[in-house]
$ cat data.cif   # mmCIF, C-alpha atoms (C1' of nucleotides)
data_upload
#
loop_
_atom_site.label_atom_id
_atom_site.label_comp_id
_atom_site.auth_asym_id
_atom_site.auth_seq_id
_atom_site.Cartn_x
_atom_site.Cartn_y
_atom_site.Cartn_z
CA MET Z 1 -4.46 -10.33 19.32
CA SER Z 2 -1.85 -7.79 18.29
CA ILE Z 3 -1.93 -4.20 17.15
CA ILE Z 4 0.29 -3.57 14.16
CA ILE Z 5 1.02 -0.38 12.22
CA HIS Z 6 2.28 -0.59 8.65
CA ILE Z 7 4.01 2.48 7.25
CA ASP Z 8 4.60 2.81 3.51
CA MET Z 9 6.14 5.89 1.90
CA ASP Z 10 4.01 7.09 -1.04
CA TYR Z 11 5.62 6.41 -4.46
CA PHE Z 12 8.91 6.83 -2.62
CA PHE Z 13 11.64 7.33 -5.23
CA ALA Z 14 9.45 9.51 -7.44
CA GLN Z 15 8.23 11.54 -4.48
CA VAL Z 16 11.81 12.24 -3.44
CA GLU Z 17 12.57 13.41 -6.99
CA GLU Z 18 9.51 15.68 -6.96
CA ARG Z 19 10.63 17.19 -3.70
CA GLU Z 20 14.08 17.90 -5.08
CA ASN Z 21 12.61 19.37 -8.24
CA PRO Z 22 9.20 20.91 -7.59
CA ARG Z 23 8.59 21.70 -11.25
CA PHE Z 24 8.17 17.93 -11.76
CA LYS Z 25 4.96 18.04 -9.74
CA ASP Z 26 1.81 17.66 -11.85
CA LYS Z 27 3.89 15.99 -14.55
CA PRO Z 28 4.29 12.24 -15.04
CA VAL Z 29 7.55 11.12 -13.43
CA VAL Z 30 9.01 7.66 -14.04
CA VAL Z 31 12.04 6.52 -12.03
CA GLY Z 32 13.80 3.49 -13.50
CA ALA Z 33 15.98 2.26 -16.33
CA ASP Z 34 16.93 4.46 -19.28
CA PRO Z 35 14.07 4.08 -21.82
CA LYS Z 36 16.46 4.66 -24.76
CA GLU Z 37 13.67 5.82 -27.09
CA GLY Z 38 11.65 2.74 -26.25
CA LYS Z 39 14.52 0.25 -26.69
CA GLY Z 40 15.62 0.05 -23.04
CA ARG Z 41 15.72 -3.38 -21.36
CA GLY Z 42 15.08 -2.38 -17.77
CA VAL Z 43 11.90 -1.79 -15.81
CA VAL Z 44 10.07 0.98 -13.96
CA SER Z 45 11.18 1.24 -10.37
CA THR Z 46 8.58 3.76 -9.15
CA CYS Z 47 6.35 6.38 -10.76
CA ASN Z 48 4.16 9.17 -9.45
CA TYR Z 49 0.36 9.19 -9.62
CA GLU Z 50 0.36 11.45 -12.68
CA ALA Z 51 2.26 8.74 -14.59
CA ARG Z 52 -0.15 6.09 -13.28
CA LYS Z 53 -2.98 7.89 -15.11
CA TYR Z 54 -1.35 6.66 -18.32
CA GLY Z 55 -1.22 3.09 -17.05
CA VAL Z 56 2.42 3.15 -15.97
CA LYS Z 57 3.18 0.90 -12.98
CA SER Z 58 6.22 -0.19 -11.03
CA GLY Z 59 7.80 -3.39 -12.32
CA MET Z 60 6.59 -2.72 -15.85
CA PRO Z 61 9.14 -2.92 -18.70
CA ILE Z 62 10.48 0.58 -19.26
CA SER Z 63 9.87 0.13 -23.00
CA LYS Z 64 6.16 -0.29 -22.36
CA SER Z 65 6.02 2.74 -20.06
CA TYR Z 66 7.63 4.72 -22.88
CA GLN Z 67 4.85 3.67 -25.24
CA LEU Z 68 2.21 4.67 -22.70
CA ALA Z 69 3.77 8.00 -21.74
CA PRO Z 70 6.60 9.05 -24.06
CA HIS Z 71 6.40 12.62 -22.78
CA ALA Z 72 6.97 11.59 -19.15
CA ILE Z 73 10.02 12.72 -17.23
CA PHE Z 74 12.26 9.63 -17.07
CA LEU Z 75 14.80 9.68 -14.26
CA PRO Z 76 17.55 7.22 -13.29
CA VAL Z 77 17.46 5.48 -9.91
CA ASN Z 78 19.45 7.62 -7.47
CA MET Z 79 19.76 4.83 -4.96
CA ASN Z 80 22.42 6.37 -2.74
CA PHE Z 81 20.32 9.45 -2.25
CA TYR Z 82 17.14 7.49 -1.51
CA LYS Z 83 19.09 5.48 1.06
CA LYS Z 84 20.03 8.67 2.90
CA VAL Z 85 16.46 9.95 2.88
CA SER Z 86 15.26 6.53 4.02
CA ALA Z 87 17.68 6.49 6.95
CA SER Z 88 16.32 9.83 8.09
CA VAL Z 89 12.72 8.63 7.77
CA PHE Z 90 13.50 5.51 9.80
CA LYS Z 91 14.95 7.63 12.60
CA VAL Z 92 11.52 9.20 12.98
CA ILE Z 93 9.80 5.82 12.99
CA GLU Z 94 12.26 4.29 15.45
CA GLY Z 95 11.64 7.15 17.82
CA CYS Z 96 7.95 6.22 17.91
CA ALA Z 97 7.89 2.48 18.47
CA LYS Z 98 10.09 -0.08 20.19
CA ARG Z 99 9.44 -3.08 18.00
CA MET Z 100 10.06 -2.25 14.35
CA GLU Z 101 10.63 -4.42 11.29
CA LYS Z 102 12.21 -2.70 8.33
CA VAL Z 103 10.85 -4.36 5.19
CA SER Z 104 12.57 -2.19 2.60
CA LEU Z 105 13.79 1.38 2.11
CA ASP Z 106 10.23 2.65 2.28
CA GLU Z 107 8.23 0.22 4.41
CA ALA Z 108 8.06 -0.83 8.03
CA TYR Z 109 5.88 -2.77 10.44
CA LEU Z 110 5.53 -1.68 14.06
CA ASP Z 111 4.21 -3.90 16.82
CA VAL Z 112 2.52 -1.44 19.16
CA THR Z 113 0.36 -3.97 21.04
CA LYS Z 114 1.93 -3.04 24.39
CA GLU Z 115 2.72 0.64 23.92
CA ALA Z 116 -0.55 1.69 22.31
CA GLY Z 117 -2.86 -0.74 24.02
CA SER Z 118 -5.86 0.16 21.85
CA PHE Z 119 -6.62 0.72 18.19
CA LYS Z 120 -7.55 4.33 18.97
CA LYS Z 121 -4.15 4.98 20.56
CA ALA Z 122 -2.44 3.16 17.68
CA LYS Z 123 -4.17 5.44 15.21
CA GLU Z 124 -2.92 8.49 17.12
CA LYS Z 125 0.58 7.04 17.09
CA ALA Z 126 0.40 6.43 13.35
CA LEU Z 127 -0.71 10.02 12.80
CA LYS Z 128 2.23 11.24 14.88
CA ILE Z 129 4.60 9.26 12.68
CA LYS Z 130 3.04 10.68 9.51
CA GLU Z 131 3.42 14.20 10.89
CA GLY Z 132 6.95 13.55 12.08
CA ILE Z 133 8.08 12.33 8.69
CA PHE Z 134 6.39 15.19 6.89
CA LYS Z 135 7.90 17.81 9.19
CA LYS Z 136 11.39 16.38 8.90
CA GLU Z 137 11.56 15.28 5.28
CA ASN Z 138 8.59 16.97 3.60
CA LEU Z 139 7.42 13.57 2.33
CA THR Z 140 4.05 11.87 2.71
CA CYS Z 141 3.40 8.28 3.64
CA THR Z 142 0.40 6.09 4.31
CA ALA Z 143 -0.24 4.20 7.53
CA GLY Z 144 -2.41 1.16 8.07
CA VAL Z 145 -3.44 -0.27 11.42
CA GLY Z 146 -4.71 -3.80 11.92
CA GLU Z 147 -4.80 -6.82 14.18
CA ASN Z 148 -1.79 -8.40 12.44
CA LYS Z 149 0.78 -7.63 9.73
CA MET Z 150 -1.48 -8.69 6.88
CA MET Z 151 -4.41 -6.54 8.00
CA ALA Z 152 -2.14 -3.55 8.65
CA LYS Z 153 -0.77 -3.86 5.14
CA ILE Z 154 -4.22 -4.20 3.58
CA ALA Z 155 -5.44 -1.16 5.53
CA CYS Z 156 -2.45 0.74 4.19
CA GLU Z 157 -3.18 -0.28 0.58
CA LEU Z 158 -6.76 0.93 0.93
CA ALA Z 159 -5.70 4.35 2.22
CA LYS Z 160 -2.98 5.29 -0.30
CA PRO Z 161 -1.75 7.90 -0.92
CA ASN Z 162 -1.17 10.15 2.10
CA GLY Z 163 -3.75 8.23 4.10
CA LEU Z 164 -4.38 6.61 7.44
CA LYS Z 165 -6.76 3.71 7.96
CA VAL Z 166 -7.62 1.40 10.80
CA ILE Z 167 -9.27 -1.96 10.27
CA LEU Z 168 -10.80 -3.12 13.53
CA PRO Z 169 -10.92 -6.87 14.21
CA SER Z 170 -14.72 -6.63 14.04
CA GLU Z 171 -14.45 -5.29 10.48
CA THR Z 172 -11.79 -7.66 9.22
CA ASN Z 173 -13.94 -10.38 7.69
CA LYS Z 174 -16.45 -8.08 6.05
CA ILE Z 175 -13.70 -6.05 4.40
CA LEU Z 176 -11.82 -9.13 3.18
CA SER Z 177 -14.84 -11.00 1.82
CA SER Z 178 -15.32 -8.95 -1.36
CA MET Z 179 -11.61 -8.47 -2.08
CA ASP Z 180 -9.66 -10.35 -4.75
CA VAL Z 181 -7.53 -13.23 -3.39
CA ALA Z 182 -4.45 -11.48 -4.78
CA VAL Z 183 -4.58 -8.88 -1.98
CA ILE Z 184 -3.31 -11.59 0.35
CA PRO Z 185 0.45 -11.16 0.79
CA GLY Z 186 2.11 -14.25 -0.69
CA ILE Z 187 -0.56 -14.77 -3.37
CA GLY Z 188 0.96 -13.63 -6.64
CA PRO Z 189 -0.11 -14.23 -10.27
CA ARG Z 190 0.81 -17.95 -10.30
CA THR Z 191 -0.96 -18.83 -7.08
CA LYS Z 192 -4.01 -16.78 -8.06
CA GLU Z 193 -4.17 -18.66 -11.37
CA LYS Z 194 -3.99 -22.01 -9.60
CA ILE Z 195 -6.81 -21.03 -7.26
CA LYS Z 196 -8.94 -19.82 -10.18
CA ASN Z 197 -8.41 -23.08 -12.02
CA TYR Z 198 -9.14 -25.15 -8.94
CA LEU Z 199 -12.50 -23.43 -8.38
CA LYS Z 200 -13.15 -23.17 -12.13
CA GLU Z 201 -13.99 -19.47 -11.76
CA LYS Z 202 -12.83 -16.45 -13.75
CA GLU Z 203 -12.32 -14.30 -10.69
CA VAL Z 204 -11.89 -15.37 -7.10
CA LYS Z 205 -12.87 -13.23 -4.14
CA ILE Z 206 -11.76 -14.13 -0.65
CA LYS Z 207 -15.29 -15.24 0.29
CA ASP Z 208 -15.11 -17.77 -2.58
CA ALA Z 209 -11.64 -18.95 -1.60
CA LYS Z 210 -12.94 -19.69 1.90
CA ARG Z 211 -14.89 -22.59 0.40
CA ILE Z 212 -11.60 -24.44 -0.12
CA LYS Z 213 -10.82 -26.79 2.76
CA LYS Z 214 -7.57 -26.52 4.68
CA SER Z 215 -6.50 -29.99 3.54
CA GLU Z 216 -7.16 -29.08 -0.10
CA LEU Z 217 -5.05 -25.93 0.21
CA GLU Z 218 -2.26 -27.96 1.80
CA ASN Z 219 -2.36 -30.44 -1.08
CA LEU Z 220 -2.24 -27.61 -3.59
CA PHE Z 221 0.35 -25.36 -1.93
CA GLY Z 222 2.10 -27.33 0.80
CA LYS Z 223 2.82 -25.44 3.95
CA ARG Z 224 1.89 -22.12 2.36
CA GLY Z 225 -1.60 -23.52 1.81
CA LYS Z 226 -2.23 -23.67 5.53
CA ASP Z 227 -1.18 -20.02 5.87
CA PHE Z 228 -3.57 -19.09 3.07
CA PHE Z 229 -6.45 -20.84 4.83
CA TYR Z 230 -5.96 -18.64 7.86
CA LYS Z 231 -5.18 -15.50 5.89
CA PHE Z 232 -8.50 -15.78 4.03
CA ARG Z 233 -10.05 -15.52 7.52
CA GLY Z 234 -7.98 -12.49 8.51
CA LYS Z 235 -5.55 -14.47 10.64
CA ASP Z 236 -1.78 -14.09 10.36
CA ASP Z 237 0.58 -14.98 13.17
CA SER Z 238 3.82 -13.91 11.48
CA PRO Z 239 5.77 -11.85 14.00
CA VAL Z 240 7.33 -8.43 13.61
CA VAL Z 241 11.02 -9.36 13.31
CA GLU Z 242 13.44 -6.64 14.35
CA ASN Z 243 16.73 -7.90 12.97
CA ARG Z 244 16.64 -10.30 10.06
CA GLU Z 245 19.88 -12.14 9.42
CA THR Z 246 21.40 -11.66 5.99
CA LYS Z 247 21.60 -15.02 4.18
CA SER Z 248 23.10 -13.91 0.88
CA VAL Z 249 24.52 -10.92 -0.96
CA GLY Z 250 24.83 -10.70 -4.71
CA ARG Z 251 24.96 -8.68 -7.91
CA GLU Z 252 23.70 -9.34 -11.40
CA HIS Z 253 23.96 -7.65 -14.76
CA THR Z 254 21.92 -7.72 -17.94
CA PHE Z 255 23.94 -6.99 -21.08
CA ALA Z 256 22.75 -4.24 -23.42
CA GLU Z 257 22.75 -6.94 -26.10
CA ASP Z 258 22.85 -10.71 -25.74
CA THR Z 259 26.44 -11.87 -26.09
CA LYS Z 260 28.78 -14.84 -26.46
CA ASP Z 261 31.92 -12.71 -26.12
CA ALA Z 262 33.84 -14.55 -23.39
CA GLU Z 263 36.11 -11.60 -22.68
CA LYS Z 264 33.19 -9.23 -22.20
CA ILE Z 265 31.45 -11.74 -19.97
CA MET Z 266 34.55 -12.32 -17.86
CA LYS Z 267 35.11 -8.62 -17.37
CA THR Z 268 31.57 -8.14 -16.15
CA TYR Z 269 31.78 -11.26 -14.03
CA LYS Z 270 34.85 -9.98 -12.18
CA LYS Z 271 33.10 -6.69 -11.50
CA LEU Z 272 30.17 -8.56 -9.98
CA ILE Z 273 32.52 -10.44 -7.67
CA THR Z 274 34.34 -7.25 -6.65
CA SER Z 275 31.14 -5.41 -5.89
CA THR Z 276 29.60 -8.33 -4.01
CA LEU Z 277 32.70 -8.78 -1.89
CA LEU Z 278 32.71 -5.07 -1.04
CA SER Z 279 29.18 -5.40 0.33
CA VAL Z 280 30.01 -8.58 2.19
CA ARG Z 281 32.95 -6.92 3.91
CA ARG Z 282 31.09 -3.73 4.73
CA LYS Z 283 28.50 -5.84 6.51
CA LYS Z 284 31.22 -7.94 8.16
CA LEU Z 285 29.81 -11.21 6.88
CA LYS Z 286 31.54 -14.55 6.43
CA ILE Z 287 31.15 -16.47 3.20
CA LYS Z 288 30.05 -20.11 3.04
CA GLY Z 289 29.31 -20.54 -0.66
CA VAL Z 290 28.65 -18.94 -4.01
CA VAL Z 291 25.90 -19.08 -6.62
CA VAL Z 292 26.38 -18.21 -10.28
CA THR Z 293 23.31 -17.28 -12.32
CA CYS Z 294 23.03 -17.26 -16.10
CA ARG Z 295 20.08 -16.17 -18.22
CA PHE Z 296 20.32 -17.11 -21.88
CA GLU Z 297 18.90 -15.23 -24.85
CA ASP Z 298 15.73 -17.35 -24.73
CA PHE Z 299 15.22 -16.32 -21.08
CA ASP Z 300 16.08 -19.80 -19.88
CA THR Z 301 17.65 -19.14 -16.48
CA HIS Z 302 19.91 -21.46 -14.49
CA THR Z 303 21.99 -21.36 -11.33
CA LYS Z 304 25.00 -23.31 -10.18
CA GLN Z 305 26.02 -23.31 -6.57
CA VAL Z 306 28.93 -24.55 -4.49
CA SER Z 307 29.37 -24.53 -0.73
CA PHE Z 308 32.60 -24.45 1.22
CA LYS Z 309 34.05 -23.84 4.67
CA VAL Z 310 32.80 -20.65 6.35
CA GLY Z 311 35.46 -17.97 6.23
CA ASP Z 312 36.86 -14.80 4.72
CA TYR Z 313 37.78 -15.13 1.08
CA SER Z 314 39.60 -12.84 -1.34
CA GLU Z 315 38.37 -11.89 -4.77
CA GLU Z 316 40.82 -14.38 -6.27
CA ASP Z 317 39.54 -17.15 -4.00
CA LEU Z 318 35.97 -16.54 -5.06
CA TYR Z 319 36.93 -16.28 -8.68
CA LYS Z 320 38.76 -19.59 -8.59
CA LYS Z 321 35.97 -21.34 -6.74
CA SER Z 322 33.18 -20.07 -9.00
CA LEU Z 323 34.85 -20.07 -12.40
CA PRO Z 324 34.01 -23.72 -13.18
CA LEU Z 325 30.34 -22.90 -12.55
CA LEU Z 326 30.44 -20.02 -15.01
CA LEU Z 327 32.37 -22.05 -17.59
CA GLY Z 328 29.61 -24.64 -17.46
CA PHE Z 329 27.27 -21.99 -18.80
CA LEU Z 330 29.69 -20.65 -21.41
CA MET Z 331 29.99 -24.17 -22.82
CA LYS Z 332 26.39 -24.03 -24.01
CA ASN Z 333 26.34 -22.56 -27.44
CA LYS Z 334 23.79 -19.89 -26.60
CA LYS Z 335 24.02 -16.13 -26.29
CA ILE Z 336 23.88 -14.82 -22.76
CA ARG Z 337 21.51 -12.12 -21.57
CA LEU Z 338 22.38 -11.89 -17.87
CA ILE Z 339 24.97 -13.15 -15.44
CA GLY Z 340 24.88 -13.00 -11.68
CA PHE Z 341 27.11 -13.73 -8.73
CA ARG Z 342 25.87 -14.29 -5.19
CA SER Z 343 27.65 -15.13 -1.93
CA LEU Z 344 25.94 -17.26 0.67
CA VAL Z 345 26.87 -15.75 4.01
CA VAL Z 346 26.62 -16.08 7.76
CA GLU Z 347 26.76 -13.26 10.29
CA SER Z 348 29.98 -13.43 12.30
"C1'" DT F 1 17.61 -42.04 9.31
"C1'" DT F 2 18.48 -37.33 9.39
"C1'" DT F 3 20.76 -33.53 7.61
"C1'" DC F 4 22.81 -30.95 4.11
"C1'" DC F 5 23.30 -29.58 -0.63
"C1'" DC F 6 21.72 -28.19 -5.12
"C1'" DT F 7 18.31 -26.32 -8.25
"C1'" DT F 8 14.08 -24.33 -9.36
"C1'" DC F 9 9.93 -21.71 -8.41
"C1'" DA F 10 7.23 -17.97 -6.61
"C1'" DC F 11 7.00 -13.79 -4.44
"C1'" DG F 12 7.78 -8.89 -2.80
"C1'" DG F 13 9.74 -4.23 -2.89
"C1'" DC N 1 9.09 -10.71 -33.31
"C1'" DT N 2 1.94 -8.83 -30.14
"C1'" DA N 3 5.41 -9.54 -26.17
"C1'" DA N 4 8.08 -6.32 -24.16
"C1'" DC N 5 10.61 -7.81 -18.21
"C1'" DG N 6 15.96 -5.31 -13.47
"C1'" DC N 7 17.96 -6.16 -9.42
"C1'" DC N 8 17.95 -7.53 -4.98
"C1'" DG N 9 16.61 -10.79 -1.42
"C1'" DT N 10 13.69 -14.63 0.98
"C1'" DG N 11 11.40 -19.18 1.79
"C1'" DA N 12 9.92 -23.53 0.28
"C1'" DA N 13 9.74 -27.82 -2.57
"C1'" DG N 14 11.79 -31.82 -4.19
"C1'" DG N 15 15.43 -34.86 -5.35
"C1'" DG N 16 19.79 -36.63 -4.25
"C1'" DA N 17 24.16 -37.16 -1.54
"C1'" DA N 18 26.43 -37.27 2.70
"C1'" DA N 19 26.81 -38.17 7.51
#

$ encode --input "data.cif" --output "structure tokens"
Amino acid sequence: MSIIIHIDMDYFFAQVEERENPRFKDKPVVVGADPKEGKGRGVVSTCNYEARKYGVKSGMPISKSYQLAPHAIFLPVNMNFYKKVSASVFKVIEGCAKRMEKVSLDEAYLDVTKEAGSFKKAKEKALKIKEGIFKKENLTCTAGVGENKMMAKIACELAKPNGLKVILPSETNKILSSMDVAVIPGIGPRTKEKIKNYLKEKEVKIKDAKRIKKSELENLFGKRGKDFFYKFRGKDDSPVVENRETKSVGREHTFAEDTKDAEKIMKTYKKLITSTLLSVRRKKLKIKGVVVTCRFEDFDTHTKQVSFKVGDYSEEDLYKKSLPLLLGFLMKNKKIRLIGFRSLVVES
DNA sequence: TTTCCCTTCACGG
DNA sequence: CTAACGCCGTGAAGGGAAA
């Protein structure tokens, strides 16, 4: 049995924007792609709760969010600024717990099994973190405490925004039973659909999903199926990992309009390589391969990959090695929507 | 036979 | 045109080639 705290900054990017510009408060704020009067091709990155009242959500096409809330304040993603704020927030968190896994700019898991020793102490620690972040950065977050990563995350979801919730092991099964299967991390729309079809039900709660045998889940979902079987019962043995190794670094670009213009594509392609290589070098990584992605006008998406000897490579090297992959895509007589370049890397 | 490579799929933030 | 859909990164499946 572990004691895990999950910390999640509330509507992070939008909250930072509100802080920088207090007159945005009480108004719907949408951070994401340029809506371009409803013609934009990007998506919503984050929005505040005022915008959510209109049905706007993160991940939604920006064009749809514009239909739902044309009067909202639409802001571009100021990633460099959010990164700085995030670094400051993480300093607070690091000061409070030894074992910390950074999930993203605005989320972390803390394994406080040893330091806290009890759920009561863990709750106090979580409150301290919330206060520390608010004092330093004037931003709110939500904390969840549970017996493992999954339960900490679910507790956090239930308490948002600006909340703090503990789910005791004795409460775990009762709380899960009436929840939708999709609250389980790793169960997305596809997996949920498959489970619904398998049980021939319109909606599936976790108590219903528990009727499925472990062997059936394994047949349906392979090794993930076994994890699901245990997760339905509140069990998750995935560890808090402090330093994940970077496996790949890449960039991709969607054109404003689908294109066949080879010159335009090449120009963009070279920029993707340059930018990727910059990141690779900043992180002092060695390259062992490249992947080229192409999405055509009909959304058909393909990748081509080639591996080579681990080493340091120049922009020209990467260009030469990957060009045949890209040309393979240009041969097709279809307009291109997106191209991507990714380096497979190893830490040196 | 085992391991590695390539491609796709699904997911999460 | 009743769907619209970015950018980044991970893990796993499944088929085939290489060692």

$ axis_aligned_box --input "data.cif" --around "segment 3-16 of chain N" --padding-each-side "6 Å" --output "AutoDock Vina command-line options"
--center_x 12.6 --center_y -21.0 --center_z -12.2 --size_x 26.4 --size_y 43.3 --size_z 40.0

$ resolve_selection --input "data.cif" --expression "the PyMOL selection byres ((chain N) within 10 of (chain Z))" --output "VMD selection string"
chain N and resid 4 to 13

$ residues_near_point --input "data.cif" --point "(31.5, -14.8, 14.7)" --cutoff "10 Å" --atoms "only C-alpha atoms (C1' of nucleotides)" --output "MDAnalysis selection string"
chainID Z and resid 284:286 311 346:348

$ closest_atom_pairs --input "data.cif" --of "chain Z" --to "chain F" --cutoff "12 Å" --atoms "only C-alpha atoms (C1' of nucleotides)" --output "tab-separated table"
residue	atom	partner	partner_atom	distance
Z:Asp8	CA	F:DG13	C1'	10.8
Z:Met9	CA	F:DG13	C1'	11.8
Z:Tyr11	CA	F:DG13	C1'	11.5
Z:Phe12	CA	F:DG13	C1'	11.1
Z:Phe13	CA	F:DG13	C1'	11.9
Z:Ser45	CA	F:DG13	C1'	9.4
Z:Thr46	CA	F:DG13	C1'	10.2
Z:Ser58	CA	F:DG13	C1'	9.7
Z:Gly59	CA	F:DG13	C1'	9.7
Z:Lys102	CA	F:DG13	C1'	11.6
Z:Val103	CA	F:DG13	C1'	8.2
Z:Ser104	CA	F:DG13	C1'	6.5
Z:Leu105	CA	F:DG13	C1'	8.5
Z:Asp106	CA	F:DG13	C1'	8.6
Z:Glu107	CA	F:DG13	C1'	8.7
Z:Ala108	CA	F:DG13	C1'	11.6
Z:Ala182	CA	F:DC11	C1'	11.7
Z:Ile184	CA	F:DC11	C1'	11.6
Z:Pro185	CA	F:DG12	C1'	8.5
Z:Gly186	CA	F:DC11	C1'	6.2
Z:Ile187	CA	F:DC11	C1'	7.7
Z:Gly188	CA	F:DC11	C1'	6.4
Z:Pro189	CA	F:DA10	C1'	9.0
Z:Arg190	CA	F:DA10	C1'	7.4
Z:Thr191	CA	F:DA10	C1'	8.2
Z:Lys192	CA	F:DA10	C1'	11.4
Z:Phe221	CA	F:DA10	C1'	11.1
Z:Arg224	CA	F:DA10	C1'	11.2
Z:Gly289	CA	F:DC5	C1'	10.9
Z:Val290	CA	F:DC6	C1'	11.6
Z:Val291	CA	F:DC6	C1'	10.1
Z:Val292	CA	F:DT7	C1'	11.6
Z:Thr293	CA	F:DT7	C1'	11.1
Z:Asp300	CA	F:DT8	C1'	11.6
Z:Thr301	CA	F:DT8	C1'	9.5
Z:His302	CA	F:DT7	C1'	8.1
Z:Thr303	CA	F:DT7	C1'	6.9
Z:Lys304	CA	F:DT7	C1'	7.6
Z:Gln305	CA	F:DC6	C1'	6.7
Z:Val306	CA	F:DC6	C1'	8.1
Z:Ser307	CA	F:DC5	C1'	7.9
Z:Phe308	CA	F:DC5	C1'	10.8

$ atom_distance --input "data.cif" --atom1 "atom CA of Lys149 of chain Z" --atom2 "atom CA of Ile4 of chain Z"
6.0 Å

$ residues_near_point --input "data.cif" --point "(5.5, 9.0, -18.1)" --cutoff "10 Å" --atoms "only C-alpha atoms (C1' of nucleotides)" --output "list in words"
Lys27, Pro28, Val29, Val30, Val31, Cys47, Asn48, Tyr49, Glu50, Ala51, Arg52, Lys53, Tyr54, Gly55, Val56, Lys57, Ile62, Ser65, Tyr66, Gln67, Leu68, Ala69, Pro70, His71, Ala72, Ile73 and Phe74 of chain Z

$ atom_distance --input "data.cif" --atom1 "atom CA of Glu157 of chain Z" --atom2 "atom CA of Leu110 of chain Z"
16.1 Å

$ residues_around --input "data.cif" --residues "Glu101 of chain Z" --least-positions-apart "5" --cutoff "8 Å" --atoms "all atoms listed in the file" --output "JSON, numbers by chain"
{"Z": [108, 109, 110, 240, 241, 242, 243]}

$ atom_distance --input "data.cif" --atom1 "atom CA of Val204 of chain Z" --atom2 "atom CA of Ser178 of chain Z"
9.3 Å

$ closest_residue --input "data.cif" --among "Z:His6, Z:Lys283, Z:Lys123, Z:Lys200" --to "Val166 of chain Z" --atoms "only C-alpha atoms"
Z:Lys123
